Amino acid sequence: QEGSLCAQHCLNNLLQGEYFTPVELSSIAHQLDEEERIRMAEGGVTSEEYRTFLQQPSGNMDDSGFFSIQVISNALRVWGLELILFNSREYQQLMIDPINEKAFICNYKEHWFTVRKLGQQWFNLNSLLTGPELISDTYLALFLAQLQQEGYSIFVIRGNLPDCEAEQILRIMRVEQRQRPRLIGEEAAAHMSLQRSVEVGQGLEEGIVDEDEEELRRALALSRQDMEVEDEEADLRRAIQLSMLGTSNTTESSHGGTSQTAKSTQAQDVPSQTPGGTQSEKLSAEELRKRRQAYFDRQSQQQAQSTSPQQNSQGTGRPESEKGSQAHDMDTKHAQ
């Protein structure tokens, strides 16, 4: 289909050759317009009807490429072919089976297309399709009835069609159609949809790649934060170890027995050194916090235990001093 030249395609598909051009069909249309003008002038060139007729555009063609049924009928008359309305009373009285005809021309609004028998098979030669559509004999009558329900006007072709190569081939062989042709618009829409799907797929892949890169950047940022946290934790562990050593030395100088216990506890809590780093450095931050809290708890318990004997000794020493003081007083009185 090119433009709105469906009438031209309809005639050439019917005759199976490039027999008509838009120029030739336009010439036929102008000839029909002139014949109509002459008939209207017979009523008087000064009449209102004639003036109105001159102001109206042509009814046989327009700028889009549409041609009327009169143009098509006159074009086929050159080939000795005649058009008969399919649903007319004259034709219906003949009660002819559609499969016994040679061809049909169908029209709806400004669209024309041909249905023709080639060999022993029927084909829908609609120029809006991507190719010929095979129609079975049993489906032909139903197909024509469906077109009538959709508002199509159907014309039967009477006369001998010119011989063509397709007719010669299909006389000796039959064809099978595995996939029906699509409308040209549907084919273009399907192609655009496929292209759009490919573009969307590529966009999704690019989006996935971008998401992966973004996740990688986030992971690197988190790893850098973890490294900074680990460095801070390492500094904190060193400070704790130093404070633990200082506390151990103080406790050892003040309380000898308790010092041994603190050293034993410190030996358990202070991580051992390895060639690759300390054991604490291999622990997670949570485990380090737990161990540090446990150490502080044990330190608190040890301080509580060390403080309790001192209080007991101080409580016992106070009465002895009082007794010493009383004895001294008694001696002083006795000396007096």
# chains A, B, ... in the order shown; residues from 1 in each chain; ligands from 1
$ residues_around --residues "A:Ala145" --least-positions-apart "5" --cutoff "12 Å" --atoms "only C-alpha atoms" --output "count of residues only"
11
$ select_by_dssp --residues "stretch 73-180 of chain A" --states "alpha helix (DSSP H)" --output "number ranges by chain"
A: 73-77, 89-92, 137-149, 165-172
$ residues_around --residues "A:Ser127" --least-positions-apart "4" --cutoff "10 Å" --atoms "only C-alpha atoms" --output "PyMOL selection string"
chain A and resi 1-2+5-10+13+111-114+131-132+183-184
$ select_by_dssp --residues "stretch 99-179 of chain A" --states "strand (DSSP E)" --output "PyMOL selection string"
chain A and resi 103-108+111-118+121-125+133-135+153-158
$ closest_residue --among "A:Gln299, A:Gln305, A:Asn160, A:Ser64" --to "A:Val78" --atoms "only C-alpha atoms"
A:Asn160
$ atom_distance --atom1 "atom CA of A:Gln168" --atom2 "atom CA of A:Pro22"
28.2 Å
$ atom_distance --atom1 "atom CA of A:Asn107" --atom2 "atom CA of A:Gln93"
22.3 Å
$ closest_residue --among "A:Glu101, A:Met40, A:Ile157, A:Ala219" --to "A:Leu81" --atoms "only C-alpha atoms"
A:Ile157
$ atom_distance --atom1 "atom CA of A:Leu25" --atom2 "atom CA of A:Phe155"
19.0 Å
